[in-house]
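Engineer: My structure is stored as model01.pdb, with PDB, C-alpha atoms, pLDDT in the B column.
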MODEL        1
ATOM      1  CA  MET A 641       0.000   0.000   0.000  1.00 84.00           C
ATOM      2  CA  ALA A 642       1.207   3.492  -0.862  1.00 95.00           C
ATOM      3  CA  MET A 643       0.002   7.039  -0.222  1.00 97.00           C
ATOM      4  CA  TRP A 644      -0.083   9.727  -2.905  1.00 98.00           C
ATOM      5  CA  ASN A 645      -1.146  13.284  -2.165  1.00 97.00           C
ATOM      6  CA  PRO A 646      -0.488  15.332  -5.329  1.00 98.00           C
ATOM      7  CA  TRP A 647      -1.891  18.437  -3.632  1.00 97.00           C
ATOM      8  CA  ARG A 648      -2.804  19.483  -0.121  1.00 95.00           C
ATOM      9  CA  GLY A 649      -5.454  21.749   1.336  1.00 93.00           C
ATOM     10  CA  CYS A 650      -9.216  21.429   1.315  1.00 92.00           C
ATOM     11  CA  LYS A 651     -12.408  23.367   1.992  1.00 92.00           C
ATOM     12  CA  LYS A 652     -15.275  22.257   4.196  1.00 91.00           C
ATOM     13  CA  CYS A 653     -18.338  21.560   2.080  1.00 91.00           C
ATOM     14  CA  SER A 654     -20.856  19.720   4.256  1.00 92.00           C
ATOM     15  CA  GLU A 655     -21.735  18.662   7.782  1.00 90.00           C
ATOM     16  CA  GLY A 656     -19.347  15.736   7.752  1.00 90.00           C
ATOM     17  CA  CYS A 657     -16.463  18.217   7.569  1.00 89.00           C
ATOM     18  CA  LEU A 658     -17.190  19.764  10.987  1.00 82.00           C
ATOM     19  CA  HIS A 659     -14.326  18.043  12.833  1.00 82.00           C
ATOM     20  CA  CYS A 660     -12.188  17.186   9.784  1.00 84.00           C
ATOM     21  CA  TYR A 661      -8.829  15.611  10.656  1.00 79.00           C
ATOM     22  CA  ILE A 662      -7.159  17.427   7.749  1.00 82.00           C
ATOM     23  CA  HIS A 663      -8.010  20.855   9.145  1.00 79.00           C
ATOM     24  CA  LYS A 664      -7.044  19.811  12.674  1.00 78.00           C
ATOM     25  CA  GLY A 665      -3.696  18.446  11.560  1.00 78.00           C
ATOM     26  CA  ASP A 666      -2.879  21.512   9.488  1.00 82.00           C
ATOM     27  CA  ALA A 667      -3.832  23.828  12.357  1.00 80.00           C
ATOM     28  CA  LYS A 668      -1.336  22.067  14.627  1.00 82.00           C
ATOM     29  CA  ARG A 669       1.398  22.643  12.032  1.00 86.00           C
ATOM     30  CA  GLY A 670       0.393  26.244  11.347  1.00 84.00           C
ATOM     31  CA  VAL A 671      -0.666  25.407   7.790  1.00 82.00           C
ATOM     32  CA  ASN A 672      -3.492  27.224   6.007  1.00 85.00           C
ATOM     33  CA  THR A 673      -5.794  24.373   4.938  1.00 85.00           C
ATOM     34  CA  GLY A 674      -7.793  26.681   2.683  1.00 87.00           C
ATOM     35  CA  GLU A 675      -4.781  27.111   0.411  1.00 94.00           C
ATOM     36  CA  ILE A 676      -4.785  24.290  -2.145  1.00 95.00           C
ATOM     37  CA  VAL A 677      -1.287  23.775  -3.559  1.00 96.00           C
ATOM     38  CA  LYS A 678       0.705  21.080  -5.343  1.00 97.00           C
ATOM     39  CA  THR A 679       2.949  18.967  -3.140  1.00 97.00           C
ATOM     40  CA  ASP A 680       6.482  17.745  -3.733  1.00 97.00           C
ATOM     41  CA  GLU A 681       5.065  14.286  -4.478  1.00 97.00           C
ATOM     42  CA  PHE A 682       2.853  15.411  -7.349  1.00 98.00           C
ATOM     43  CA  TYR A 683       4.799  13.235  -9.812  1.00 98.00           C
ATOM     44  CA  LYS A 684       5.310  10.347  -7.390  1.00 98.00           C
ATOM     45  CA  PRO A 685       3.717   7.637  -9.633  1.00 98.00           C
ATOM     46  CA  ALA A 686       6.015   8.646 -12.515  1.00 97.00           C
ATOM     47  CA  ALA A 687       9.251   8.842 -10.509  1.00 97.00           C
ATOM     48  CA  GLN A 688      11.866   6.210 -11.320  1.00 96.00           C
ATOM     49  CA  LEU A 689      14.995   4.774  -9.770  1.00 95.00           C
ATOM     50  CA  LYS A 690      18.294   4.927 -11.656  1.00 94.00           C
ATOM     51  CA  ASN A 691      17.629   1.484 -13.120  1.00 94.00           C
ATOM     52  CA  GLY A 692      14.327   2.663 -14.571  1.00 92.00           C
ATOM     53  CA  THR A 693      11.993   0.874 -12.166  1.00 94.00           C
ATOM     54  CA  PRO A 694       9.236   2.920 -10.484  1.00 96.00           C
ATOM     55  CA  LYS A 695      10.002   4.388  -7.059  1.00 96.00           C
ATOM     56  CA  MET A 696       6.396   3.870  -5.985  1.00 96.00           C
ATOM     57  CA  LYS A 697       5.638   0.203  -5.457  1.00 95.00           C
ATOM     58  CA  ALA A 698       2.846  -1.587  -7.283  1.00 97.00           C
ATOM     59  CA  GLY A 699      -0.412  -2.255  -5.467  1.00 98.00           C
ATOM     60  CA  LEU A 700      -3.075  -0.185  -3.761  1.00 98.00           C
ATOM     61  CA  VAL A 701      -2.464   3.569  -3.703  1.00 98.00           C
ATOM     62  CA  TYR A 702      -4.496   5.741  -1.332  1.00 98.00           C
ATOM     63  CA  THR A 703      -4.888   8.918  -3.355  1.00 98.00           C
ATOM     64  CA  CYS A 704      -5.608  12.438  -2.085  1.00 96.00           C
ATOM     65  CA  PHE A 705      -6.374  11.355   1.482  1.00 93.00           C
ATOM     66  CA  SER A 706      -5.372  14.829   2.724  1.00 90.00           C
ATOM     67  CA  THR A 707      -7.724  16.631   0.355  1.00 95.00           C
ATOM     68  CA  ASP A 708     -10.455  15.891  -2.225  1.00 97.00           C
ATOM     69  CA  PHE A 709      -9.399  14.630  -5.648  1.00 98.00           C
ATOM     70  CA  LEU A 710     -12.277  16.533  -7.273  1.00 98.00           C
ATOM     71  CA  ILE A 711     -11.788  19.860  -5.515  1.00 97.00           C
ATOM     72  CA  GLU A 712     -12.258  22.809  -7.859  1.00 97.00           C
ATOM     73  CA  GLU A 713      -8.881  24.393  -7.221  1.00 97.00           C
ATOM     74  CA  ALA A 714      -7.099  21.314  -8.636  1.00 98.00           C
ATOM     75  CA  ASP A 715      -8.893  21.303 -11.991  1.00 98.00           C
ATOM     76  CA  ALA A 716      -5.788  22.510 -13.843  1.00 98.00           C
ATOM     77  CA  TRP A 717      -3.607  19.733 -12.388  1.00 98.00           C
ATOM     78  CA  ARG A 718      -5.912  16.712 -12.443  1.00 98.00           C
ATOM     79  CA  GLY A 719      -5.298  15.838 -16.101  1.00 98.00           C
ATOM     80  CA  GLU A 720      -1.662  14.994 -15.391  1.00 98.00           C
ATOM     81  CA  CYS A 721      -2.752  12.801 -12.506  1.00 98.00           C
ATOM     82  CA  TRP A 722      -5.154  10.842 -14.711  1.00 98.00           C
ATOM     83  CA  GLU A 723      -2.295  10.303 -17.182  1.00 98.00           C
ATOM     84  CA  MET A 724      -0.006   8.946 -14.473  1.00 98.00           C
ATOM     85  CA  MET A 725      -2.783   6.662 -13.211  1.00 98.00           C
ATOM     86  CA  LYS A 726      -3.372   5.329 -16.685  1.00 98.00           C
ATOM     87  CA  LYS A 727       0.310   4.551 -17.179  1.00 97.00           C
ATOM     88  CA  ARG A 728       0.662   2.777 -13.820  1.00 98.00           C
ATOM     89  CA  GLN A 729      -1.533  -0.230 -14.542  1.00 98.00           C
ATOM     90  CA  ASP A 730       0.335  -2.117 -11.828  1.00 98.00           C
ATOM     91  CA  CYS A 731      -1.309   0.185  -9.267  1.00 98.00           C
ATOM     92  CA  THR A 732      -4.900   0.564  -8.105  1.00 98.00           C
ATOM     93  CA  PHE A 733      -5.663   4.179  -7.241  1.00 98.00           C
ATOM     94  CA  LEU A 734      -8.393   4.722  -4.654  1.00 98.00           C
ATOM     95  CA  PHE A 735      -9.784   8.136  -3.753  1.00 98.00           C
ATOM     96  CA  LEU A 736     -12.645   9.487  -1.651  1.00 97.00           C
ATOM     97  CA  THR A 737     -14.785  12.468  -2.590  1.00 98.00           C
ATOM     98  CA  LYS A 738     -17.622  14.551  -1.238  1.00 98.00           C
ATOM     99  CA  ARG A 739     -17.761  16.337  -4.589  1.00 98.00           C
ATOM    100  CA  ILE A 740     -19.137  13.512  -6.721  1.00 98.00           C
ATOM    101  CA  ALA A 741     -21.429  15.986  -8.522  1.00 98.00           C
ATOM    102  CA  ARG A 742     -18.287  17.303 -10.259  1.00 98.00           C
ATOM    103  CA  PHE A 743     -17.096  13.898 -11.428  1.00 98.00           C
ATOM    104  CA  ALA A 744     -18.428  13.975 -14.994  1.00 97.00           C
ATOM    105  CA  SER A 745     -16.671  17.283 -15.667  1.00 97.00           C
ATOM    106  CA  CYS A 746     -13.378  16.073 -14.141  1.00 98.00           C
ATOM    107  CA  VAL A 747     -12.682  12.851 -16.053  1.00 98.00           C
ATOM    108  CA  PRO A 748     -10.444  12.581 -19.134  1.00 97.00           C
ATOM    109  CA  ASP A 749     -11.810  12.191 -22.653  1.00 97.00           C
ATOM    110  CA  ASP A 750     -10.857   8.500 -22.780  1.00 97.00           C
ATOM    111  CA  TRP A 751     -12.555   7.622 -19.482  1.00 98.00           C
ATOM    112  CA  GLY A 752     -15.337   5.673 -21.188  1.00 97.00           C
ATOM    113  CA  GLY A 753     -16.736   3.220 -18.655  1.00 96.00           C
ATOM    114  CA  GLY A 754     -13.918   4.017 -16.268  1.00 97.00           C
ATOM    115  CA  TYR A 755     -10.306   2.963 -15.758  1.00 98.00           C
ATOM    116  CA  GLU A 756      -9.929  -0.569 -14.446  1.00 98.00           C
ATOM    117  CA  ASN A 757      -7.286   0.534 -11.933  1.00 98.00           C
ATOM    118  CA  VAL A 758      -9.283   3.389 -10.330  1.00 98.00           C
ATOM    119  CA  VAL A 759     -11.632   2.942  -7.357  1.00 98.00           C
ATOM    120  CA  VAL A 760     -13.952   5.839  -6.515  1.00 98.00           C
ATOM    121  CA  CYS A 761     -15.413   6.139  -3.014  1.00 98.00           C
ATOM    122  CA  CYS A 762     -18.342   8.494  -2.525  1.00 98.00           C
ATOM    123  CA  THR A 763     -18.481   9.858   1.035  1.00 98.00           C
ATOM    124  CA  VAL A 764     -21.771  10.473   2.843  1.00 98.00           C
ATOM    125  CA  GLU A 765     -22.605  11.347   6.429  1.00 98.00           C
ATOM    126  CA  ASN A 766     -26.394  11.667   6.753  1.00 98.00           C
ATOM    127  CA  GLN A 767     -29.548  10.949   4.759  1.00 98.00           C
ATOM    128  CA  LYS A 768     -29.425  14.297   2.974  1.00 98.00           C
ATOM    129  CA  THR A 769     -25.921  13.764   1.582  1.00 98.00           C
ATOM    130  CA  ALA A 770     -26.666  10.095   0.875  1.00 98.00           C
ATOM    131  CA  ASP A 771     -29.666  10.976  -1.281  1.00 98.00           C
ATOM    132  CA  GLU A 772     -27.940  13.869  -3.026  1.00 98.00           C
ATOM    133  CA  ARG A 773     -24.594  12.248  -3.744  1.00 98.00           C
ATOM    134  CA  LEU A 774     -25.517   8.609  -4.233  1.00 98.00           C
ATOM    135  CA  ALA A 775     -28.277   9.466  -6.711  1.00 98.00           C
ATOM    136  CA  VAL A 776     -25.523  10.987  -8.862  1.00 98.00           C
ATOM    137  CA  PHE A 777     -22.949   8.301  -8.044  1.00 98.00           C
ATOM    138  CA  SER A 778     -25.264   5.469  -9.084  1.00 98.00           C
ATOM    139  CA  LYS A 779     -25.494   6.828 -12.640  1.00 98.00           C
ATOM    140  CA  LEU A 780     -21.800   7.467 -13.245  1.00 98.00           C
ATOM    141  CA  PRO A 781     -19.639   5.217 -15.454  1.00 98.00           C
ATOM    142  CA  ILE A 782     -17.148   3.935 -12.876  1.00 98.00           C
ATOM    143  CA  ARG A 783     -15.825   0.369 -12.870  1.00 98.00           C
ATOM    144  CA  HIS A 784     -15.178   0.131  -9.131  1.00 98.00           C
ATOM    145  CA  LYS A 785     -17.448   1.975  -6.709  1.00 98.00           C
ATOM    146  CA  CYS A 786     -17.405   2.185  -2.919  1.00 98.00           C
ATOM    147  CA  ILE A 787     -19.443   4.142  -0.393  1.00 98.00           C
ATOM    148  CA  THR A 788     -17.797   5.592   2.707  1.00 98.00           C
ATOM    149  CA  ALA A 789     -20.304   6.495   5.434  1.00 98.00           C
ATOM    150  CA  GLN A 790     -17.853   8.355   7.611  1.00 96.00           C
ATOM    151  CA  PRO A 791     -18.308  10.213   9.820  1.00 96.00           C
ATOM    152  CA  LEU A 792     -21.785   8.724  10.103  1.00 97.00           C
ATOM    153  CA  ILE A 793     -23.867  11.181  12.144  1.00 97.00           C
ATOM    154  CA  GLU A 794     -27.350   9.677  11.796  1.00 97.00           C
ATOM    155  CA  ALA A 795     -29.146   6.552  10.636  1.00 98.00           C
ATOM    156  CA  ILE A 796     -29.260   6.323   6.838  1.00 98.00           C
ATOM    157  CA  ASP A 797     -30.947   4.171   4.223  1.00 98.00           C
ATOM    158  CA  ILE A 798     -28.717   3.528   1.212  1.00 98.00           C
ATOM    159  CA  ASP A 799     -30.479   0.386  -0.026  1.00 98.00           C
ATOM    160  CA  PRO A 800     -31.713   2.084  -3.232  1.00 98.00           C
ATOM    161  CA  TYR A 801     -28.126   2.964  -4.170  1.00 98.00           C
ATOM    162  CA  LEU A 802     -26.283  -0.310  -3.515  1.00 98.00           C
ATOM    163  CA  ASP A 803     -26.498  -1.823  -6.994  1.00 98.00           C
ATOM    164  CA  GLY A 804     -23.008  -1.839  -8.497  1.00 97.00           C
ATOM    165  CA  ILE A 805     -21.314  -1.008  -5.179  1.00 98.00           C
ATOM    166  CA  GLU A 806     -18.398  -3.240  -4.187  1.00 98.00           C
ATOM    167  CA  LEU A 807     -17.812  -2.078  -0.623  1.00 98.00           C
ATOM    168  CA  VAL A 808     -19.392   0.063   2.096  1.00 98.00           C
ATOM    169  CA  VAL A 809     -17.165   1.412   4.885  1.00 98.00           C
ATOM    170  CA  VAL A 810     -18.657   2.901   8.059  1.00 98.00           C
ATOM    171  CA  GLY A 811     -17.007   4.925  10.807  1.00 96.00           C
ATOM    172  CA  GLY A 812     -17.390   7.765  13.258  1.00 95.00           C
ATOM    173  CA  GLU A 813     -15.479  10.935  14.055  1.00 92.00           C
ATOM    174  CA  SER A 814     -12.143  11.082  15.863  1.00 85.00           C
ATOM    175  CA  ASP A 815     -12.278  14.244  17.910  1.00 82.00           C
ATOM    176  CA  ALA A 816     -12.684  15.267  21.541  1.00 85.00           C
ATOM    177  CA  ARG A 817     -16.018  16.806  20.490  1.00 88.00           C
ATOM    178  CA  ALA A 818     -16.984  13.941  18.200  1.00 91.00           C
ATOM    179  CA  ARG A 819     -20.652  13.418  17.540  1.00 93.00           C
ATOM    180  CA  PRO A 820     -21.864  10.010  18.753  1.00 94.00           C
ATOM    181  CA  LEU A 821     -22.023   7.009  16.449  1.00 96.00           C
ATOM    182  CA  ASP A 822     -24.961   4.778  17.331  1.00 97.00           C
ATOM    183  CA  TYR A 823     -24.077   1.115  16.832  1.00 97.00           C
ATOM    184  CA  ALA A 824     -27.637   0.494  15.652  1.00 98.00           C
ATOM    185  CA  TRP A 825     -26.920   2.720  12.612  1.00 98.00           C
ATOM    186  CA  VAL A 826     -23.901   0.558  11.786  1.00 98.00           C
ATOM    187  CA  LEU A 827     -25.879  -2.674  12.119  1.00 98.00           C
ATOM    188  CA  SER A 828     -28.620  -1.255   9.891  1.00 98.00           C
ATOM    189  CA  LEU A 829     -26.113  -0.501   7.131  1.00 98.00           C
ATOM    190  CA  ARG A 830     -24.600  -3.953   7.531  1.00 98.00           C
ATOM    191  CA  GLU A 831     -28.039  -5.522   7.053  1.00 98.00           C
ATOM    192  CA  GLN A 832     -28.635  -3.413   3.948  1.00 98.00           C
ATOM    193  CA  CYS A 833     -25.310  -4.603   2.515  1.00 98.00           C
ATOM    194  CA  LEU A 834     -26.014  -8.246   3.344  1.00 98.00           C
ATOM    195  CA  ARG A 835     -29.293  -8.076   1.449  1.00 97.00           C
ATOM    196  CA  LYS A 836     -27.515  -6.763  -1.635  1.00 97.00           C
ATOM    197  CA  ASN A 837     -24.393  -8.953  -1.246  1.00 98.00           C
ATOM    198  CA  VAL A 838     -22.134  -5.908  -0.827  1.00 98.00           C
ATOM    199  CA  SER A 839     -18.936  -6.145   1.230  1.00 98.00           C
ATOM    200  CA  PHE A 840     -19.042  -4.227   4.492  1.00 98.00           C
ATOM    201  CA  GLU A 841     -16.352  -2.869   6.808  1.00 96.00           C
TER     202      GLU A 841
ENDMDL
END
Could you spell out this file's structure in structure tokens?
Structural biologist:
Amino acid sequence: MAMWNPWRGCKKCSEGCLHCYIHKGDAKRGVNTGEIVKTDEFYKPAAQLKNGTPKMKAGLVYTCFSTDFLIEEADAWRGECWEMMKKRQDCTFLFLTKRIARFASCVPDDWGGGYENVVVCCTVENQKTADERLAVFSKLPIRHKCITAQPLIEAIDIDPYLDGIELVVVGGESDARARPLDYAWVLSLREQCLRKNVSFE
């Protein structure tokens, strides 16, 4: 497993962002989270050793876990990232997004039904975001789809959106002021996944 954060910085966009770990971590380091900038590892998937082999190992690559891959401020840079993903067929790039409504305008011209080595996780936190985002997500041409219900802040019904989903991940907030996660909400989502034969974590 590898991590790749081609840019850093993010902007809160919904209720799930209230106690965001990205903003907390940046605040401790005196970093302005609202400033979205390229990082030194932007070209990490393309970097090579002297013998020509890739520096970044093959396998699963957690992508943009300190920001959102579809954030507006990165529109000018994302094309290069798609190109690097396409060339590294030995890697599976996984990213989370709360901005799934932007997806269709952010993919490359050759996206078609999706790249085989890209996994897209749509993040939801309550019924409102589940209905808004998953209604869009369910119609998008993506080969590998996951739903991340984290931080889950209320009971949600995602049964209508589980067709074509490979995995659902559930979790709460990590913060001294974290909103409670009711175990009954987790069990409800697990039951929904079992009915649709969707993996659950």
Engineer: With distances taken over only C-alpha atoms, which residue among A:Leu821, A:Leu834, A:Met641, A:Cys731 lies nearest Glu765 in chain A?
Structural biologist: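 Using only C-alpha atoms, Glu765 in chain A sits closest to A:Leu821.
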Engineer: Quick one: everything within 10 Å of range 660-668 of chain A, counting only C-alpha atoms, minus sequence neighbours fewer than 3 positions away in the same chain. Send it as a PyMOL selection string.
Structural biologist: chain A and resi 648-652+655-657+671-674+705-707+791+813-815
Engineer: Report as a count of residues only the residues that result from applying the PyMOL selection byres ((chain A and resi 701) around 7) to the structure here.
Structural biologist: 12
Engineer: Apply the PyMOL selection byres ((chain A and resi 802) around 10) to the displayed file and report the matching residues as a list in words.
Structural biologist: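 Checked against the file, the PyMOL selection byres ((chain A and resi 802) around 10) matches Leu774, Ser778, Lys785, Cys786, Ile787, Ile798, Asp799, Pro800, Tyr801, Asp803, Gly804, Ile805, Glu806, Leu807, Val808, Gln832, Cys833, Arg835, Lys836, Asn837 and Val838 of chain A.
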Engineer: Got a sec to check which residues sit within 12 Å of (-25.1, -2.5, 10.6), counting only C-alpha atoms, and write them as a list in words?
Structural biologist: Ala789, Leu792, Ala795, Ile796, Asp797, Ile798, Val808, Val809, Val810, Gly811, Leu821, Asp822, Tyr823, Ala824, Trp825, Val826, Leu827, Ser828, Leu829, Arg830, Glu831, Gln832, Cys833, Leu834, Arg835, Ser839, Phe840 and Glu841 of chain A
Engineer: In Å to one decimal, how far is CA of Phe743 in chain A from CA of Thr769 in chain A?
Structural biologist: 15.7 Å
Engineer: For Lys695 in chain A, which residue out of A:Thr788, A:Thr679, A:Arg728, A:Ala816 is the nearest one, using all atoms listed in the file?
Structural biologist: A:Arg728
Engineer: So which residues get picked by the PyMOL selection byres ((chain A and resi 710-717) around 8) here, written as number ranges by chain?
Structural biologist: A: 647, 650, 676, 707-709, 718-721, 737, 739-740, 742-743, 746
Engineer: Closest to Leu780 in chain A among A:Ala818, A:Ala744, A:Leu689, A:Met724, using only C-alpha atoms?
Structural biologist: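 For Leu780 in chain A, the nearest of the candidates is A:Ala744.
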Engineer: Between A:Trp722, A:Lys768, A:Gly812, A:Arg783, which one has atoms that come closest to Pro748 in chain A, using only C-alpha atoms?
Structural biologist: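 With only C-alpha atoms as the atom set, the closest residue is A:Trp722.
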